[in-house]
$ cat my_file-v4.cif   # mmCIF, C-alpha atoms
data_data
loop_
_atom_site.group_PDB
_atom_site.id
_atom_site.type_symbol
_atom_site.label_atom_id
_atom_site.label_comp_id
_atom_site.auth_asym_id
_atom_site.auth_seq_id
_atom_site.Cartn_x
_atom_site.Cartn_y
_atom_site.Cartn_z
ATOM 1 C CA MET A 1319 -37.583 52.873 -41.378
ATOM 2 C CA LEU A 1320 -35.734 54.827 -38.680
ATOM 3 C CA ASN A 1321 -38.099 53.446 -36.015
ATOM 4 C CA ASN A 1322 -37.327 49.866 -37.163
ATOM 5 C CA ILE A 1323 -33.569 50.421 -36.748
ATOM 6 C CA LYS A 1324 -34.096 51.921 -33.249
ATOM 7 C CA ASN A 1325 -36.169 48.891 -32.169
ATOM 8 C CA GLN A 1326 -33.439 46.370 -33.128
ATOM 9 C CA ARG A 1327 -31.789 45.470 -29.751
ATOM 10 C CA GLY A 1328 -28.245 44.019 -29.657
ATOM 11 C CA PHE A 1329 -25.210 44.011 -27.401
ATOM 12 C CA VAL A 1330 -23.745 47.399 -26.855
ATOM 13 C CA LEU A 1331 -20.083 47.796 -25.885
ATOM 14 C CA ILE A 1332 -20.789 48.321 -22.184
ATOM 15 C CA GLU A 1333 -22.839 45.089 -21.987
ATOM 16 C CA PHE A 1334 -20.061 43.214 -23.774
ATOM 17 C CA VAL A 1335 -17.453 44.645 -21.365
ATOM 18 C CA ILE A 1336 -19.471 43.340 -18.402
ATOM 19 C CA ALA A 1337 -20.329 39.946 -19.936
ATOM 20 C CA LEU A 1338 -16.823 39.037 -21.150
ATOM 21 C CA PRO A 1339 -15.043 38.966 -17.739
ATOM 22 C CA LEU A 1340 -18.008 37.080 -16.274
ATOM 23 C CA LEU A 1341 -17.757 34.526 -19.066
ATOM 24 C CA ILE A 1342 -13.998 34.178 -18.546
ATOM 25 C CA LEU A 1343 -14.576 33.707 -14.794
ATOM 26 C CA LEU A 1344 -17.205 31.088 -15.494
ATOM 27 C CA ILE A 1345 -14.980 29.150 -17.898
ATOM 28 C CA TYR A 1346 -12.069 29.398 -15.428
ATOM 29 C CA SER A 1347 -14.079 28.030 -12.500
ATOM 30 C CA LEU A 1348 -15.517 25.202 -14.612
ATOM 31 C CA THR A 1349 -12.043 24.256 -15.857
ATOM 32 C CA GLN A 1350 -10.693 24.296 -12.300
ATOM 33 C CA MET A 1351 -13.541 22.072 -11.213
ATOM 34 C CA ILE A 1352 -12.800 19.516 -13.944
ATOM 35 C CA ILE A 1353 -9.038 19.569 -13.180
ATOM 36 C CA GLN A 1354 -9.673 19.102 -9.440
ATOM 37 C CA THR A 1355 -12.112 16.255 -10.000
ATOM 38 C CA SER A 1356 -9.740 14.376 -12.298
ATOM 39 C CA ARG A 1357 -6.839 14.936 -9.836
ATOM 40 C CA ILE A 1358 -8.864 13.552 -6.923
ATOM 41 C CA ILE A 1359 -9.903 10.502 -8.960
ATOM 42 C CA LYS A 1360 -6.298 9.948 -10.116
ATOM 43 C CA ASN A 1361 -4.953 10.214 -6.544
ATOM 44 C CA GLN A 1362 -7.612 7.879 -5.177
ATOM 45 C CA VAL A 1363 -6.847 5.269 -7.841
ATOM 46 C CA ALA A 1364 -3.076 5.651 -7.249
ATOM 47 C CA ASP A 1365 -3.625 5.149 -3.481
ATOM 48 C CA TYR A 1366 -5.716 2.069 -4.124
ATOM 49 C CA VAL A 1367 -3.092 0.593 -6.478
ATOM 50 C CA LEU A 1368 -0.301 1.358 -3.981
ATOM 51 C CA GLN A 1369 -2.037 -0.310 -1.038
ATOM 52 C CA ASN A 1370 -3.276 -3.226 -3.105
ATOM 53 C CA GLU A 1371 0.166 -3.968 -4.548
ATOM 54 C CA ALA A 1372 1.856 -3.800 -1.130
ATOM 55 C CA HIS A 1373 -0.735 -6.178 0.304
ATOM 56 C CA GLU A 1374 -0.502 -8.527 -2.683
ATOM 57 C CA ILE A 1375 3.334 -8.678 -2.566
ATOM 58 C CA LEU A 1376 3.324 -9.586 1.140
ATOM 59 C CA GLU A 1377 0.517 -12.121 0.643
ATOM 60 C CA GLN A 1378 2.412 -13.896 -2.148
ATOM 61 C CA ILE A 1379 5.708 -14.006 -0.264
ATOM 62 C CA THR A 1380 4.131 -15.186 3.016
ATOM 63 C CA ARG A 1381 2.123 -17.874 1.179
ATOM 64 C CA ASP A 1382 5.332 -19.227 -0.389
ATOM 65 C CA ALA A 1383 7.263 -18.934 2.883
ATOM 66 C CA ARG A 1384 4.739 -21.085 4.729
ATOM 67 C CA ALA A 1385 5.113 -23.887 2.149
ATOM 68 C CA ALA A 1386 8.893 -23.643 1.647
ATOM 69 C CA CYS A 1387 11.211 -26.374 2.852
ATOM 70 C CA SER A 1388 14.301 -24.213 2.492
ATOM 71 C CA VAL A 1389 14.862 -20.453 2.385
ATOM 72 C CA GLU A 1390 17.831 -18.427 1.260
ATOM 73 C CA TYR A 1391 18.130 -14.688 0.993
ATOM 74 C CA ALA A 1392 20.746 -12.578 -0.679
ATOM 75 C CA GLY A 1393 21.356 -9.238 -2.328
ATOM 76 C CA ASN A 1394 24.084 -6.879 -3.440
ATOM 77 C CA VAL A 1395 23.705 -4.357 -0.622
ATOM 78 C CA LYS A 1396 20.929 -5.663 1.591
ATOM 79 C CA ASN A 1397 18.924 -8.859 1.772
ATOM 80 C CA GLU A 1398 16.572 -7.923 -1.033
ATOM 81 C CA THR A 1399 16.343 -11.218 -2.923
ATOM 82 C CA ILE A 1400 14.748 -14.329 -1.506
ATOM 83 C CA ILE A 1401 14.771 -17.883 -2.811
ATOM 84 C CA PHE A 1402 12.189 -20.401 -1.653
ATOM 85 C CA VAL A 1403 12.732 -24.113 -2.292
ATOM 86 C CA PHE A 1404 9.758 -26.472 -2.334
ATOM 87 C CA HIS A 1405 9.345 -30.221 -2.479
ATOM 88 C CA ALA A 1406 7.955 -31.076 -5.894
ATOM 89 C CA LEU A 1407 6.095 -34.050 -7.249
ATOM 90 C CA THR A 1408 7.658 -36.202 -9.953
ATOM 91 C CA GLN A 1409 6.368 -38.710 -12.481
ATOM 92 C CA ASN A 1410 9.663 -40.602 -12.351
ATOM 93 C CA SER A 1411 9.234 -43.342 -9.750
ATOM 94 C CA THR A 1412 12.991 -44.029 -9.489
ATOM 95 C CA VAL A 1413 13.626 -40.574 -8.027
ATOM 96 C CA PRO A 1414 12.399 -40.052 -4.445
ATOM 97 C CA THR A 1415 9.913 -37.179 -4.180
ATOM 98 C CA ALA A 1416 11.944 -35.574 -1.387
ATOM 99 C CA ASP A 1417 14.871 -35.145 -3.800
ATOM 100 C CA VAL A 1418 12.904 -33.223 -6.403
ATOM 101 C CA ARG A 1419 12.977 -29.536 -5.682
ATOM 102 C CA ASP A 1420 11.304 -26.534 -7.227
ATOM 103 C CA THR A 1421 12.516 -23.001 -6.561
ATOM 104 C CA ARG A 1422 10.955 -19.579 -6.670
ATOM 105 C CA ARG A 1423 13.078 -16.485 -6.432
ATOM 106 C CA TYR A 1424 11.723 -12.986 -5.712
ATOM 107 C CA ILE A 1425 13.907 -10.186 -7.032
ATOM 108 C CA ARG A 1426 13.601 -6.438 -6.671
ATOM 109 C CA HIS A 1427 14.810 -5.218 -10.023
ATOM 110 C CA SER A 1428 14.875 -2.104 -12.190
ATOM 111 C CA LYS A 1429 15.009 -2.137 -15.980
ATOM 112 C CA ASN A 1430 15.407 1.606 -16.169
ATOM 113 C CA TYR A 1431 18.911 2.619 -15.080
ATOM 114 C CA THR A 1432 18.663 6.360 -15.728
ATOM 115 C CA GLU A 1433 15.626 6.867 -13.517
ATOM 116 C CA PRO A 1434 15.296 3.570 -11.638
ATOM 117 C CA ILE A 1435 11.807 2.318 -10.910
ATOM 118 C CA TYR A 1436 12.008 -0.967 -9.025
ATOM 119 C CA HIS A 1437 9.496 -3.732 -9.556
ATOM 120 C CA LEU A 1438 9.220 -7.167 -7.976
ATOM 121 C CA TYR A 1439 9.891 -10.093 -10.296
ATOM 122 C CA ALA A 1440 9.426 -13.786 -9.609
ATOM 123 C CA GLN A 1441 11.704 -16.363 -11.189
ATOM 124 C CA ARG A 1442 10.831 -20.030 -11.368
ATOM 125 C CA GLN A 1443 13.744 -22.312 -12.271
ATOM 126 C CA GLN A 1444 15.628 -19.284 -13.664
ATOM 127 C CA THR A 1445 12.713 -18.258 -15.888
ATOM 128 C CA VAL A 1446 11.697 -14.661 -15.293
ATOM 129 C CA THR A 1447 7.960 -14.153 -15.164
ATOM 130 C CA ALA A 1448 6.006 -10.931 -15.523
ATOM 131 C CA PRO A 1449 6.572 -8.417 -12.715
ATOM 132 C CA ILE A 1450 4.336 -8.852 -9.696
ATOM 133 C CA SER A 1451 4.297 -5.142 -8.938
ATOM 134 C CA GLY A 1452 4.246 -2.062 -11.173
ATOM 135 C CA ASN A 1453 3.361 -1.827 -14.875
ATOM 136 C CA ASN A 1454 -0.172 -1.057 -13.804
ATOM 137 C CA PHE A 1455 -2.218 0.766 -16.424
ATOM 138 C CA LEU A 1456 -3.814 3.026 -13.799
ATOM 139 C CA SER A 1457 -0.715 4.011 -11.826
ATOM 140 C CA ASP A 1458 2.898 2.847 -11.556
ATOM 141 C CA THR A 1459 4.661 1.985 -8.313
ATOM 142 C CA SER A 1460 8.279 1.529 -7.318
ATOM 143 C CA ILE A 1461 9.594 -0.702 -4.535
ATOM 144 C CA GLU A 1462 11.860 1.540 -2.492
ATOM 145 C CA LYS A 1463 12.903 -1.128 -0.009
ATOM 146 C CA LEU A 1464 12.381 -4.865 0.328
ATOM 147 C CA GLU A 1465 14.356 -6.561 3.077
ATOM 148 C CA PHE A 1466 14.265 -10.057 4.500
ATOM 149 C CA SER A 1467 15.643 -11.136 7.840
ATOM 150 C CA THR A 1468 15.151 -13.680 10.570
ATOM 151 C CA HIS A 1469 15.407 -13.237 14.284
ATOM 152 C CA ALA A 1470 15.326 -15.597 17.181
ATOM 153 C CA SER A 1471 14.911 -15.191 20.897
ATOM 154 C CA GLU A 1472 14.013 -17.665 23.621
ATOM 155 C CA GLY A 1473 13.762 -20.566 21.221
ATOM 156 C CA ILE A 1474 11.667 -18.722 18.640
ATOM 157 C CA GLY A 1475 12.758 -19.685 15.149
ATOM 158 C CA LYS A 1476 11.687 -20.330 11.582
ATOM 159 C CA ILE A 1477 10.340 -16.810 11.319
ATOM 160 C CA LEU A 1478 10.926 -14.679 8.265
ATOM 161 C CA HIS A 1479 10.603 -10.933 8.719
ATOM 162 C CA ILE A 1480 9.691 -8.891 5.646
ATOM 163 C CA SER A 1481 10.019 -5.124 5.411
ATOM 164 C CA LEU A 1482 8.528 -3.408 2.375
ATOM 165 C CA GLU A 1483 8.493 0.250 1.391
ATOM 166 C CA ILE A 1484 6.647 1.091 -1.795
ATOM 167 C CA LYS A 1485 6.153 4.437 -3.551
ATOM 168 C CA SER A 1486 3.465 5.590 -5.934
ATOM 169 C CA MET A 1487 5.000 7.186 -9.017
ATOM 170 C CA GLU A 1488 1.757 9.104 -9.519
ATOM 171 C CA THR A 1489 1.472 10.823 -6.124
ATOM 172 C CA GLU A 1490 5.025 10.302 -4.754
ATOM 173 C CA ARG A 1491 3.312 8.901 -1.681
ATOM 174 C CA LYS A 1492 5.250 6.284 0.297
ATOM 175 C CA PHE A 1493 3.882 3.371 2.239
ATOM 176 C CA LYS A 1494 5.860 1.114 4.625
ATOM 177 C CA VAL A 1495 4.607 -2.284 5.786
ATOM 178 C CA ASN A 1496 6.360 -4.824 7.985
ATOM 179 C CA THR A 1497 5.261 -8.338 8.666
ATOM 180 C CA SER A 1498 6.532 -11.752 9.725
ATOM 181 C CA VAL A 1499 5.647 -15.267 8.745
ATOM 182 C CA PHE A 1500 6.132 -18.526 10.591
ATOM 183 C CA MET A 1501 7.508 -21.260 8.301
ATOM 184 C CA PRO A 1502 6.372 -24.582 9.769
ATOM 185 C CA ALA A 1503 7.645 -26.664 6.827
ATOM 186 C CA CYS A 1504 11.076 -25.045 6.752
ATOM 187 C CA GLU A 1505 13.987 -27.414 7.327
ATOM 188 C CA GLU A 1506 16.828 -25.083 6.514
ATOM 189 C CA ILE A 1507 17.417 -21.335 6.500
ATOM 190 C CA LYS A 1508 20.589 -20.345 4.726
ATOM 191 C CA GLY A 1509 22.371 -17.101 5.422
ATOM 192 C CA VAL A 1510 20.521 -16.668 8.709
ATOM 193 C CA LYS A 1511 22.340 -15.058 11.593
ATOM 194 C CA TYR A 1512 20.732 -15.812 14.923
ATOM 195 C CA GLU A 1513 21.225 -13.035 17.426
ATOM 196 C CA MET B 1492 -32.362 36.654 -18.379
ATOM 197 C CA MET B 1493 -28.973 35.912 -19.872
ATOM 198 C CA MET B 1494 -27.212 37.548 -16.938
ATOM 199 C CA SER B 1495 -29.172 35.574 -14.354
ATOM 200 C CA VAL B 1496 -28.258 32.295 -16.108
ATOM 201 C CA ILE B 1497 -24.582 33.279 -16.073
ATOM 202 C CA PHE B 1498 -24.741 34.267 -12.391
ATOM 203 C CA LEU B 1499 -26.503 31.049 -11.462
ATOM 204 C CA LEU B 1500 -23.900 28.967 -13.321
ATOM 205 C CA MET B 1501 -21.107 30.891 -11.629
ATOM 206 C CA ILE B 1502 -22.532 30.401 -8.160
ATOM 207 C CA THR B 1503 -23.067 26.671 -8.828
ATOM 208 C CA SER B 1504 -19.550 26.113 -10.153
ATOM 209 C CA PHE B 1505 -17.956 28.004 -7.234
ATOM 210 C CA ALA B 1506 -20.041 25.997 -4.767
ATOM 211 C CA ALA B 1507 -18.902 22.782 -6.479
ATOM 212 C CA LEU B 1508 -15.299 23.998 -6.302
ATOM 213 C CA ILE B 1509 -15.608 24.526 -2.528
ATOM 214 C CA PHE B 1510 -17.140 21.050 -2.068
ATOM 215 C CA LEU B 1511 -14.393 19.449 -4.142
ATOM 216 C CA ASN B 1512 -11.765 21.093 -1.963
ATOM 217 C CA GLY B 1513 -13.434 19.472 1.004
ATOM 218 C CA ALA B 1514 -13.542 16.094 -0.770
ATOM 219 C CA LYS B 1515 -9.797 15.693 -0.292
ATOM 220 C CA LYS B 1516 -10.277 15.856 3.458
ATOM 221 C CA VAL B 1517 -12.971 13.199 3.593
ATOM 222 C CA VAL B 1518 -10.704 10.593 1.976
ATOM 223 C CA ASN B 1519 -10.355 7.606 4.294
ATOM 224 C CA GLN B 1520 -6.880 8.170 5.721
ATOM 225 C CA ASN B 1521 -7.078 4.969 7.703
ATOM 226 C CA SER B 1522 -7.184 2.578 4.749
ATOM 227 C CA ALA B 1523 -3.369 2.557 4.474
ATOM 228 C CA LEU B 1524 -2.951 2.299 8.245
ATOM 229 C CA GLN B 1525 -5.421 -0.594 8.412
ATOM 230 C CA ILE B 1526 -3.212 -2.601 6.030
ATOM 231 C CA ILE B 1527 -0.133 -1.796 8.146
ATOM 232 C CA ALA B 1528 -2.060 -2.857 11.291
ATOM 233 C CA LEU B 1529 -3.235 -6.063 9.627
ATOM 234 C CA HIS B 1530 0.340 -7.071 8.803
ATOM 235 C CA LEU B 1531 1.502 -6.120 12.318
ATOM 236 C CA ALA B 1532 -1.145 -8.480 13.681
ATOM 237 C CA GLU B 1533 0.173 -11.162 11.292
ATOM 238 C CA GLU B 1534 3.671 -10.528 12.676
ATOM 239 C CA GLN B 1535 2.399 -11.140 16.191
ATOM 240 C CA PHE B 1536 0.554 -14.290 15.095
ATOM 241 C CA ALA B 1537 3.753 -15.615 13.438
ATOM 242 C CA GLU B 1538 5.664 -15.180 16.719
ATOM 243 C CA ILE B 1539 2.891 -16.839 18.751
ATOM 244 C CA GLU B 1540 2.649 -19.720 16.245
ATOM 245 C CA SER B 1541 6.402 -20.234 16.557
ATOM 246 C CA LEU B 1542 6.171 -20.273 20.373
ATOM 247 C CA ALA B 1543 3.210 -22.642 20.250
ATOM 248 C CA ALA B 1544 5.154 -24.979 17.941
ATOM 249 C CA ASN B 1545 7.860 -25.083 20.613
ATOM 250 C CA GLY B 1546 5.292 -26.007 23.246
ATOM 251 C CA THR B 1547 4.857 -22.622 24.970
ATOM 252 C CA ALA B 1548 1.385 -22.178 26.400
ATOM 253 C CA LEU B 1549 -0.779 -19.378 25.020
ATOM 254 C CA GLN B 1550 -0.966 -16.284 27.185
ATOM 255 C CA ASN B 1551 -1.568 -12.534 26.922
ATOM 256 C CA PHE B 1552 1.728 -11.734 25.229
ATOM 257 C CA SER B 1553 3.001 -8.229 24.665
ATOM 258 C CA PHE B 1554 4.317 -7.472 21.152
ATOM 259 C CA LEU B 1555 6.848 -10.187 20.283
ATOM 260 C CA GLY B 1556 7.957 -8.876 16.880
ATOM 261 C CA ASP B 1557 10.503 -6.197 16.003
ATOM 262 C CA PRO B 1558 9.758 -3.151 18.248
ATOM 263 C CA ASN B 1559 10.827 -0.841 15.398
ATOM 264 C CA ASP B 1560 7.834 -2.059 13.393
ATOM 265 C CA LEU B 1561 5.503 -0.356 15.868
ATOM 266 C CA LYS B 1562 6.769 3.017 14.653
ATOM 267 C CA ASN B 1563 5.460 3.889 11.222
ATOM 268 C CA TYR B 1564 4.256 6.983 9.376
ATOM 269 C CA TYR B 1565 1.297 8.295 7.459
ATOM 270 C CA ASP B 1566 2.134 10.078 4.219
ATOM 271 C CA SER B 1567 -0.966 12.023 3.192
ATOM 272 C CA GLY B 1568 0.411 12.708 -0.295
ATOM 273 C CA ASP B 1569 -1.296 16.087 -0.088
ATOM 274 C CA GLU B 1570 0.544 18.631 -2.248
ATOM 275 C CA ASN B 1571 -0.442 21.540 -0.007
ATOM 276 C CA ASN B 1572 0.312 19.694 3.206
ATOM 277 C CA SER B 1573 3.162 17.274 2.573
ATOM 278 C CA GLU B 1574 3.613 16.581 6.291
ATOM 279 C CA VAL B 1575 4.410 12.962 7.129
ATOM 280 C CA LYS B 1576 2.707 12.086 10.406
ATOM 281 C CA PRO B 1577 4.468 9.609 12.711
ATOM 282 C CA ILE B 1578 2.159 6.835 13.886
ATOM 283 C CA ILE B 1579 2.770 4.597 16.881
ATOM 284 C CA PHE B 1580 0.959 1.268 16.906
ATOM 285 C CA ASP B 1581 0.045 -0.648 20.011
ATOM 286 C CA VAL B 1582 -0.348 -4.416 19.819
ATOM 287 C CA ALA B 1583 -2.119 -6.409 22.533
ATOM 288 C CA THR B 1584 -2.893 -10.113 22.673
ATOM 289 C CA SER B 1585 -5.602 -11.921 24.577
ATOM 290 C CA VAL B 1586 -6.373 -15.617 24.747
ATOM 291 C CA LYS B 1587 -9.996 -16.672 24.409
ATOM 292 C CA GLY B 1588 -10.771 -20.240 25.377
ATOM 293 C CA ASN B 1589 -8.240 -22.996 24.763
ATOM 294 C CA SER B 1590 -6.708 -22.083 21.449
ATOM 295 C CA CYS B 1591 -8.279 -18.856 20.194
ATOM 296 C CA VAL B 1592 -5.937 -15.872 20.184
ATOM 297 C CA GLU B 1593 -7.101 -12.315 19.563
ATOM 298 C CA VAL B 1594 -4.619 -9.659 18.468
ATOM 299 C CA LYS B 1595 -5.776 -6.062 18.745
ATOM 300 C CA VAL B 1596 -3.821 -3.294 17.027
ATOM 301 C CA LYS B 1597 -4.505 0.309 18.042
ATOM 302 C CA TRP B 1598 -3.273 3.609 16.635
ATOM 303 C CA THR B 1599 -4.148 7.295 16.866
ATOM 304 C CA LEU B 1600 -4.546 9.568 13.867
ATOM 305 C CA ASP B 1601 -5.432 13.266 14.279
ATOM 306 C CA GLY B 1602 -6.467 12.651 17.889
ATOM 307 C CA LYS B 1603 -8.869 9.872 16.975
ATOM 308 C CA GLU B 1604 -8.209 6.342 18.176
ATOM 309 C CA ASN B 1605 -8.620 3.503 15.679
ATOM 310 C CA SER B 1606 -8.227 -0.226 16.065
ATOM 311 C CA ILE B 1607 -8.570 -3.586 14.371
ATOM 312 C CA ALA B 1608 -8.933 -6.964 16.052
ATOM 313 C CA ILE B 1609 -8.172 -10.328 14.458
ATOM 314 C CA GLU B 1610 -8.758 -13.786 15.914
ATOM 315 C CA LYS B 1611 -6.951 -16.994 14.993
ATOM 316 C CA MET B 1612 -6.948 -20.566 16.236
ATOM 317 C CA ILE B 1613 -3.469 -21.667 17.305
ATOM 318 C CA HIS B 1614 -2.744 -25.134 18.621
ATOM 319 C CA VAL B 1615 0.051 -25.680 21.115
ATOM 320 C CA LYS B 1616 2.214 -28.659 20.226
#

$ encode --input "my_file-v4.cif" --output "structure tokens"
Amino acid sequence: MLNNIKNQRGFVLIEFVIALPLLILLIYSLTQMIIQTSRIIKNQVADYVLQNEAHEILEQITRDARAACSVEYAGNVKNETIIFVFHALTQNSTVPTADVRDTRRYIRHSKNYTEPIYHLYAQRQQTVTAPISGNNFLSDTSIEKLEFSTHASEGIGKILHISLEIKSMETERKFKVNTSVFMPACEEIKGVKYE
Amino acid sequence: MMMSVIFLLMITSFAALIFLNGAKKVVNQNSALQIIALHLAEEQFAEIESLAANGTALQNFSFLGDPNDLKNYYDSGDENNSEVKPIIFDVATSVKGNSCVEVKVKWTLDGKENSIAIEKMIHVK
């Protein structure tokens, strides 16, 4: 009976004292690994969303600029709103096609006034559509700066310069892109100051 | 037996931790700069298109856009190293044949030179 009890092997206190910190260390390092992995994935996705949105915004605006017959830009502080006017087709034969116009307005706007996050909205004939930027399920972005201008030198004209600065709300990372677009169909640029 | 399993797991997880730390550094830092360079090239093309529409012959132009656009930055977004690196872009144009224009944008990041080159057909009016 006594021999049976002696042969039963279990954890003694000293073994438990050694095993417990090792177990804690193991759990800690595994947790850290999982946290780091998810952070890297989150940052990579946020970077991708940031770059993709910046590229997409500029692509959309330049595509419209190339087709526009008239351009106007405005804004409260800086030139941050742009209105493109296009020739539109009509079913009504009594109205000349050249007189029918369609407009698209790009507005940098924030719905949240306490902690403003700016998104880009497009309006067609005063109807606000869904925002072009932000509201992304994977990561949100905010347009820090969107400016439009034109410049002319030595006969160069009909060029719209776009300056965009966008920030990822996930990583706080900023990204600035500048570009220009030549507007061959443009007949009129309102609010343009030639230097 | 039990102890060796625990030790093995520990060593593996620490090794993975070290590799994951390194993973941050192998992220392609140039992806953001490539987009900036692409739009700089578009800026140069817009200026050349405008000149061509006015009848100016194609030539090896220097950068015709806003000179301030050549100065940009790279924000790594790294929490431990939040340094924003200034980046200077260099834009060069070369004419190939009658109406093919190549715009090459170069920049240096961490001592390494990178570039993109884009070609476009532009007709002089």

$ residues_around --input "my_file-v4.cif" --residues "Asn1361 in chain A" --least-positions-apart "3" --cutoff "9 Å" --atoms "all atoms listed in the file" --output "list of chain:residue names"
A:Ser1356, A:Arg1357, A:Ile1358, A:Ala1364, A:Asp1365, A:Tyr1366, A:Glu1488, A:Thr1489, B:Gly1568

$ interface_residues --input "my_file-v4.cif" --of "chain A" --to "chain B" --cutoff "7 Å" --atoms "only C-alpha atoms" --output "PyMOL selection string"
chain A and resi 1344+1347-1348+1351+1369+1474-1475+1489-1492+1495-1500

$ closest_residue --input "my_file-v4.cif" --among "A:Thr1355, A:Thr1399, A:Thr1408, A:Ser1428" --to "Asn1453 in chain A" --atoms "all atoms listed in the file"
A:Ser1428

$ axis_aligned_box --input "my_file-v4.cif" --around "range 1349-1365 of chain A" --padding-each-side "5 Å" --output "JSON"
{"center_x": -8.3, "center_y": 14.7, "center_z": -9.7, "size_x": 20.5, "size_y": 29.1, "size_z": 22.4}

$ closest_residue --input "my_file-v4.cif" --among "A:Glu1333, A:Asp1382, A:Glu1398, A:Glu1465" --to "Arg1422 in chain A" --atoms "all atoms listed in the file"
A:Asp1382

$ residues_around --input "my_file-v4.cif" --residues "range 1605-1610 of chain B" --least-positions-apart "3" --cutoff "10 Å" --atoms "only C-alpha atoms" --output "tab-separated table (two decimals) with C-alpha atoms, keeping the file's coordinate frame"
chain	number	residue	atom	x	y	z
B	1521	ASN	CA	-7.08	4.97	7.70
B	1524	LEU	CA	-2.95	2.30	8.24
B	1525	GLN	CA	-5.42	-0.59	8.41
B	1526	ILE	CA	-3.21	-2.60	6.03
B	1528	ALA	CA	-2.06	-2.86	11.29
B	1529	LEU	CA	-3.24	-6.06	9.63
B	1532	ALA	CA	-1.14	-8.48	13.68
B	1533	GLU	CA	0.17	-11.16	11.29
B	1536	PHE	CA	0.55	-14.29	15.10
B	1580	PHE	CA	0.96	1.27	16.91
B	1581	ASP	CA	0.04	-0.65	20.01
B	1582	VAL	CA	-0.35	-4.42	19.82
B	1583	ALA	CA	-2.12	-6.41	22.53
B	1584	THR	CA	-2.89	-10.11	22.67
B	1585	SER	CA	-5.60	-11.92	24.58
B	1586	VAL	CA	-6.37	-15.62	24.75
B	1587	LYS	CA	-10.00	-16.67	24.41
B	1591	CYS	CA	-8.28	-18.86	20.19
B	1592	VAL	CA	-5.94	-15.87	20.18
B	1593	GLU	CA	-7.10	-12.32	19.56
B	1594	VAL	CA	-4.62	-9.66	18.47
B	1595	LYS	CA	-5.78	-6.06	18.74
B	1596	VAL	CA	-3.82	-3.29	17.03
B	1597	LYS	CA	-4.50	0.31	18.04
B	1598	TRP	CA	-3.27	3.61	16.64
B	1599	THR	CA	-4.15	7.30	16.87
B	1600	LEU	CA	-4.55	9.57	13.87
B	1602	GLY	CA	-6.47	12.65	17.89
B	1613	ILE	CA	-3.47	-21.67	17.30

$ residues_around --input "my_file-v4.cif" --residues "Ala1372 in chain A" --least-positions-apart "3" --cutoff "8 Å" --atoms "only C-alpha atoms" --output "list in words"
Leu1368, Gln1369, Ile1375, Leu1376, Leu1482, Ile1484 and Val1495 of chain A

$ resolve_selection --input "my_file-v4.cif" --expression "the PyMOL selection byres ((chain A and resi 1504) around 7)" --output "list in words"
Ala1386, Cys1387, Ser1388, Lys1476, Met1501, Pro1502, Ala1503, Glu1505 and Glu1506 of chain A

$ write_last_selection --input "my_file-v4.cif" --atoms "C-alpha atoms" --output "compact mmCIF listing (two decimals), in the coordinates of the input"
# COMPACT_ATOMS: atom_id res chain seq x y z
CA ALA A 1386 8.89 -23.64 1.65
CA CYS A 1387 11.21 -26.37 2.85
CA SER A 1388 14.30 -24.21 2.49
CA LYS A 1476 11.69 -20.33 11.58
CA MET A 1501 7.51 -21.26 8.30
CA PRO A 1502 6.37 -24.58 9.77
CA ALA A 1503 7.64 -26.66 6.83
CA GLU A 1505 13.99 -27.41 7.33
CA GLU A 1506 16.83 -25.08 6.51

$ closest_residue --input "my_file-v4.cif" --among "A:Ser1451, A:Ser1467, A:Thr1459, A:Thr1432" --to "Gln1378 in chain A" --atoms "all atoms listed in the file"
A:Ser1451

$ residues_near_point --input "my_file-v4.cif" --point "(12.4, -8.0, 4.3)" --cutoff "6 Å" --atoms "all atoms listed in the file" --output "PyMOL selection string"
chain A and resi 1464-1467+1479-1481

$ atom_distance --input "my_file-v4.cif" --atom1 "CA of Pro1449 in chain A" --atom2 "CA of Glu1374 in chain A"
12.3 Å

$ closest_residue --input "my_file-v4.cif" --among "A:Thr1421, A:Ile1450, A:Tyr1391, A:Ile1332" --to "Glu1377 in chain A" --atoms "only C-alpha atoms"
A:Ile1450
